[in-house]
Amino acid sequence: MKRRGSIAVVGAAETDNIGVIPDTSNMQLNAEAALNAMRDAALQPRDIDGIACGYVSPVDLASYLGIYPTWYEGTSIGGCSWINMVRHAAAAIDAGYCSTVLVVHGESGRSRVAGPYYGHVEPGSFGDQFANPYGWSGAASMFTLPVLRYMSEFKVSEEELAAVAVAQSQWAAQNPRAMKRDATTIDAVLSSPMIAYPFRRDMCCLVADGGAALVLTSADRARDFPKPPVYILGSGEAAESNVCSIAEVRDLLRPEFVRVSARQAFHSAGLTPADIDHVMIYDAFAHNPLQGLEGLGFLDYGEAAAFIAAGHTAPGGRLPLNTNGGGLRYAHTGSYGMFAMQESIRQVRGEAPAQVRGVRTSLCHGWGGFYSACATLILSNEQP
Amino acid sequence: MTHLPLITPETRHFWEGAGRGELLLQQCGDCGHVYFPPRPFCPRCASKNVKVFAASGRATLYSYVINHRPPPGWPKEPFSIAIVALAEGPKMVSNIVECPQTPDALALDMPLTVTFKKLSDEIFVPVFRPAERAS
């Protein structure tokens, strides 16, 4: 961005329902999310001149919505893609390529109605040749590969891993839209079925249908919309490995790409972790918030598990984290980054179901693939 | 049906080596970088002066999961999916075989030796078994 806060979110909304939606196609979930965000911003198709979406062609989606864009973008590098898109769209608006951008996610991740169609592991790719022959059966048996080493290195117990799900369940219990609303316990998490040792079901994200979208424009125009603007203070992104080659990440315990993305985001925002009131860290699995808190600089390496187990990220704690319940308790369509951003936006707007008092700044961090990429965004309700 | 990878022109040497019982890596002739997976240039310095060589087959167990949800075509019993650290430096995803698929038997840092699992006449996948103790 040219300057801090030069771009703002002026519309944001999720699909009417989230969870099991067997009567809506993958494309229509994108469209429903887009229409809801446009309504939130009181915009019509003719008002939009830029569009971004993932695993669906942005040109196809624009056409479906009746939008004739002069800028389009389709980064599809995993679940954080929508956070990257906000960063890219902010740059495009600053550059004058477009003025009003719709960033859209929709995914029939559970019911699989006409999609989603991923291209992650094409025949002949490294993933096809050097990961697929080993019998991984979904993210739960690939994204989780480094965790036993992490637990060994940093003396993290299975109870502490379970405590991540417990803390987030306490937020989800306050959220009527969360798919799992019961406040759980460490014993209950550790009694849930084993999926991929040491990961049990309740340490793994939910599988849902749904979508969400947001509208970006320049801060100069942002006060002309019905909702108070949410300013983009800073952003970052980085990549480290092939989507299916987690073994190639140079340091799986202290991943470099997370630090790079965080450094960009904090530097561009002119802030430090101490300035952040609220945090969203993409939790496909219970270890992601641990490595996120450490890599983003909120804690030192090895400190996160005890920090979460002590309740510091739960309701009433000093660092509210994943306050919608997260991918573990709220919803996860297969790509969760947009939902993490929606909760950051709700919190800085002051309209979250489990609203934290006095949130001025929120940091949202997402992963793409299995530690192959990431993106970081810092949002605020105050223009710098 | 077990997954059969699609061999590309750039990886054919690797799979032919695996068929002979060799784990082939590549090393840059300019900067010395040893890397995997195979490609005809160095991903550190972009040199095309790279050579293929047979690795020792020695590795250690870096980390793993025990997958309780085998994909279609696999035996129903839980099995390990691991990251192994090769003696030459690169890490790779693999399976640990010829030992109980339990946390007690699968100790981090245990020494491993490569072996090959036949998937088809053309595809032999490198997997790892516990190394015999040196006597």
# chains A, B, ... in the order shown; residues from 1 in each chain; ligands from 1
call {"tool": "closest_atom_pairs", "arguments": {"of": "chain A", "to": "chain B", "cutoff": "8 Å", "atoms": "only C-alpha atoms", "output": "CSV"}}
result
residue,atom,partner,partner_atom,distance
A:Pro123,CA,B:Leu6,CA,5.5
A:Gly124,CA,B:Leu6,CA,4.5
A:Ser125,CA,B:Leu6,CA,7.9
A:Phe126,CA,B:Pro37,CA,7.1
A:Asp128,CA,B:Pro5,CA,5.5
A:Gln129,CA,B:Pro5,CA,4.7
A:Phe130,CA,B:Val93,CA,7.0
A:Ala131,CA,B:Val93,CA,6.2
A:Asn132,CA,B:His3,CA,6.5
A:Pro133,CA,B:His3,CA,5.5
A:Tyr134,CA,B:Ser94,CA,5.9
A:Gly135,CA,B:Pro71,CA,6.2
A:Trp136,CA,B:Pro71,CA,7.0
A:Ser137,CA,B:Pro71,CA,5.3
A:Ser141,CA,B:Asn67,CA,6.0
A:Met142,CA,B:Ile81,CA,7.9
A:Thr144,CA,B:Val65,CA,7.1
A:Leu145,CA,B:Tyr64,CA,5.0
A:Pro146,CA,B:Ser63,CA,5.5
A:Val147,CA,B:Ser63,CA,7.2
A:Leu148,CA,B:Ser63,CA,5.7
A:Arg149,CA,B:Ser63,CA,5.2
A:Met194,CA,B:His68,CA,6.6
A:Ile195,CA,B:His68,CA,5.2
A:Ala196,CA,B:Asn67,CA,4.2
A:Tyr197,CA,B:Ile66,CA,4.8
A:Pro198,CA,B:Val65,CA,6.6
A:Ser245,CA,B:Val93,CA,7.7
A:Ile246,CA,B:Val93,CA,7.9
A:Ala247,CA,B:Met92,CA,5.2
A:Glu248,CA,B:Lys91,CA,6.4
call {"tool": "residues_around", "arguments": {"residues": "Ala55 (chain B)", "least_positions_apart": "3", "cutoff": "10 Å", "atoms": "only C-alpha atoms", "output": "list of chain:residue names"}}
result
B:Glu22, B:Leu23, B:Leu24, B:Leu25, B:Gln26, B:Val52, B:Arg58, B:Ala59, B:Leu86, B:Ala87, B:Glu88, B:Val114
call {"tool": "write_last_selection", "arguments": {"atoms": "N, CA and C atoms", "output": "PDB file, in the first residue's frame"}}
result
ATOM      1  N   GLU B  22      18.237 -48.102  -5.955  1.00  0.00           N
ATOM      2  CA  GLU B  22      19.073 -46.959  -5.593  1.00  0.00           C
ATOM      3  C   GLU B  22      18.201 -45.739  -5.322  1.00  0.00           C
ATOM      4  N   LEU B  23      18.539 -45.024  -4.244  1.00  0.00           N
ATOM      5  CA  LEU B  23      17.872 -43.754  -3.952  1.00  0.00           C
ATOM      6  C   LEU B  23      18.746 -42.646  -4.543  1.00  0.00           C
ATOM      7  N   LEU B  24      18.280 -42.031  -5.607  1.00  0.00           N
ATOM      8  CA  LEU B  24      19.095 -41.053  -6.322  1.00  0.00           C
ATOM      9  C   LEU B  24      18.774 -39.632  -5.856  1.00  0.00           C
ATOM     10  N   LEU B  25      19.821 -38.902  -5.542  1.00  0.00           N
ATOM     11  CA  LEU B  25      19.708 -37.476  -5.221  1.00  0.00           C
ATOM     12  C   LEU B  25      20.475 -36.703  -6.280  1.00  0.00           C
ATOM     13  N   GLN B  26      20.438 -35.394  -6.159  1.00  0.00           N
ATOM     14  CA  GLN B  26      21.198 -34.559  -7.079  1.00  0.00           C
ATOM     15  C   GLN B  26      22.061 -33.586  -6.291  1.00  0.00           C
ATOM     16  N   VAL B  52      23.653 -36.443 -10.825  1.00  0.00           N
ATOM     17  CA  VAL B  52      22.846 -37.402 -10.079  1.00  0.00           C
ATOM     18  C   VAL B  52      23.798 -38.355  -9.367  1.00  0.00           C
ATOM     19  N   ARG B  58      20.907 -44.076   4.097  1.00  0.00           N
ATOM     20  CA  ARG B  58      20.776 -43.908   5.547  1.00  0.00           C
ATOM     21  C   ARG B  58      19.978 -42.654   5.858  1.00  0.00           C
ATOM     22  N   ALA B  59      19.161 -42.749   6.901  1.00  0.00           N
ATOM     23  CA  ALA B  59      18.317 -41.626   7.285  1.00  0.00           C
ATOM     24  C   ALA B  59      17.986 -41.765   8.761  1.00  0.00           C
ATOM     25  N   LEU B  86      17.453 -37.514   5.397  1.00  0.00           N
ATOM     26  CA  LEU B  86      18.481 -38.319   4.747  1.00  0.00           C
ATOM     27  C   LEU B  86      19.863 -37.901   5.251  1.00  0.00           C
ATOM     28  N   ALA B  87      20.783 -38.854   5.287  1.00  0.00           N
ATOM     29  CA  ALA B  87      22.145 -38.568   5.761  1.00  0.00           C
ATOM     30  C   ALA B  87      22.784 -37.453   4.935  1.00  0.00           C
ATOM     31  N   GLU B  88      22.387 -37.339   3.668  1.00  0.00           N
ATOM     32  CA  GLU B  88      22.978 -36.339   2.771  1.00  0.00           C
ATOM     33  C   GLU B  88      22.355 -34.950   2.940  1.00  0.00           C
ATOM     34  N   VAL B 114      16.964 -47.200   3.668  1.00  0.00           N
ATOM     35  CA  VAL B 114      15.977 -47.211   2.589  1.00  0.00           C
ATOM     36  C   VAL B 114      15.741 -48.631   2.087  1.00  0.00           C
TER      37      VAL B 114
END
call {"tool": "select_by_dssp", "arguments": {"residues": "region 6-131 of chain B", "states": "strand (DSSP E or B)", "output": "PyMOL selection string"}}
result
chain B and resi 24-28+34-35+50-54+58-67+79-86+91-94+96+111-118+124-130
call {"tool": "select_by_dssp", "arguments": {"residues": "region 30-276 of chain A", "states": "helix (DSSP H, G or I)", "output": "PyMOL selection string"}}
result
chain A and resi 30-40+45-47+58-65+81-95+126-130+132-134+139-141+147-154+158-172+186-191+201-203+219-224+246-248+256-269+273-275
call {"tool": "residues_around", "arguments": {"residues": "Ala91 (chain A)", "least_positions_apart": "6", "cutoff": "12 Å", "atoms": "only C-alpha atoms", "output": "list of chain:residue names"}}
result
A:Met1, A:Lys2, A:Arg3, A:Arg4, A:Gly5, A:Ser6, A:Ile7, A:Ala8, A:Gly50, A:Trp71, A:Glu73, A:Asn84, A:Met85, A:Tyr97, A:Cys98, A:Ser99, A:Val101, A:Leu216, A:Thr217, A:Ser218, A:Ile232, A:Gly234, A:Ser235, A:Gly236
call {"tool": "residues_around", "arguments": {"residues": "Ala33 (chain A)", "least_positions_apart": "4", "cutoff": "12 Å", "atoms": "only C-alpha atoms", "output": "PyMOL selection string"}}
result
chain A and resi 11-18+24+26-29+37-40+53+61+65+102-107+209-215+338-339+342
call {"tool": "closest_residue", "arguments": {"among": "A:Asn288, A:Thr184, A:Asn175, A:Asn324", "to": "Leu161 (chain A)", "atoms": "only C-alpha atoms"}}
result
A:Asn288
call {"tool": "residues_around", "arguments": {"residues": "Leu112 (chain B)", "least_positions_apart": "5", "cutoff": "6 Å", "atoms": "only C-alpha atoms", "output": "list of chain:residue names"}}
result
B:Arg58, B:Ala59, B:Thr60, B:Phe128, B:Arg129, B:Pro130, B:Ala131
call {"tool": "write_last_selection", "arguments": {"atoms": "all heavy atoms", "output": "tab-separated table (two decimals), in the first residue's frame"}}
result
chain	number	residue	atom	x	y	z
B	58	ARG	N	20.91	-44.08	4.10
B	58	ARG	CA	20.78	-43.91	5.55
B	58	ARG	C	19.98	-42.65	5.86
B	58	ARG	O	20.11	-41.62	5.17
B	58	ARG	CB	22.16	-43.83	6.20
B	58	ARG	CG	22.91	-45.16	6.22
B	58	ARG	CD	24.24	-45.06	6.96
B	58	ARG	NE	25.21	-44.24	6.25
B	58	ARG	CZ	25.61	-43.04	6.67
B	58	ARG	NH1	25.14	-42.51	7.79
B	58	ARG	NH2	26.49	-42.35	5.96
B	59	ALA	N	19.16	-42.75	6.90
B	59	ALA	CA	18.32	-41.63	7.29
B	59	ALA	C	17.99	-41.77	8.76
B	59	ALA	O	18.28	-42.79	9.39
B	59	ALA	CB	17.03	-41.61	6.45
B	60	THR	N	17.37	-40.71	9.31
B	60	THR	CA	16.82	-40.79	10.66
B	60	THR	C	15.37	-40.33	10.62
B	60	THR	O	14.96	-39.61	9.70
B	60	THR	CB	17.60	-39.92	11.66
B	60	THR	OG1	17.64	-38.58	11.18
B	60	THR	CG2	19.02	-40.45	11.85
B	128	PHE	N	11.31	-46.67	4.28
B	128	PHE	CA	12.44	-46.83	5.20
B	128	PHE	C	12.11	-47.83	6.29
B	128	PHE	O	10.98	-47.90	6.77
B	128	PHE	CB	12.82	-45.47	5.81
B	128	PHE	CG	13.47	-44.56	4.79
B	128	PHE	CD1	12.69	-43.86	3.87
B	128	PHE	CD2	14.84	-44.45	4.72
B	128	PHE	CE1	13.29	-43.05	2.91
B	128	PHE	CE2	15.45	-43.65	3.77
B	128	PHE	CZ	14.67	-42.94	2.86
B	129	ARG	N	13.11	-48.63	6.67
B	129	ARG	CA	12.95	-49.59	7.76
B	129	ARG	C	14.02	-49.30	8.80
B	129	ARG	O	15.04	-48.65	8.50
B	129	ARG	CB	13.09	-51.02	7.23
B	129	ARG	CG	14.41	-51.32	6.57
B	129	ARG	CD	14.49	-52.78	6.14
B	129	ARG	NE	15.62	-53.03	5.28
B	129	ARG	CZ	16.89	-53.12	5.69
B	129	ARG	NH1	17.19	-52.98	6.96
B	129	ARG	NH2	17.87	-53.36	4.83
B	130	PRO	N	13.79	-49.77	10.03
B	130	PRO	CA	14.81	-49.54	11.06
B	130	PRO	C	16.15	-50.12	10.62
B	130	PRO	O	16.22	-51.21	10.06
B	130	PRO	CB	14.26	-50.30	12.28
B	130	PRO	CG	12.78	-50.34	12.05
B	130	PRO	CD	12.60	-50.45	10.56
B	131	ALA	N	17.22	-49.37	10.85
B	131	ALA	CA	18.55	-49.84	10.47
B	131	ALA	C	19.02	-50.90	11.45
B	131	ALA	O	18.72	-50.81	12.65
B	131	ALA	CB	19.53	-48.67	10.45
call {"tool": "residues_around", "arguments": {"residues": "region 46-49 of chain A", "least_positions_apart": "6", "cutoff": "6 Å", "atoms": "only C-alpha atoms", "output": "list of chain:residue names"}}
result
A:Pro69, A:Thr70, A:Cys98, A:Thr100
call {"tool": "residues_around", "arguments": {"residues": "Val348 (chain A)", "least_positions_apart": "3", "cutoff": "7 Å", "atoms": "only C-alpha atoms", "output": "ChimeraX atom specification"}}
result
/A:344-345,359-362,380-381
call {"tool": "atom_distance", "arguments": {"atom1": "CA of Phe225 (chain A)", "atom2": "CA of Leu43 (chain A)"}}
result
9.0 Å
call {"tool": "closest_residue", "arguments": {"among": "A:Met341, A:Ile378, A:Leu252, A:Leu35", "to": "Tyr150 (chain A)", "atoms": "only C-alpha atoms"}}
result
A:Leu252
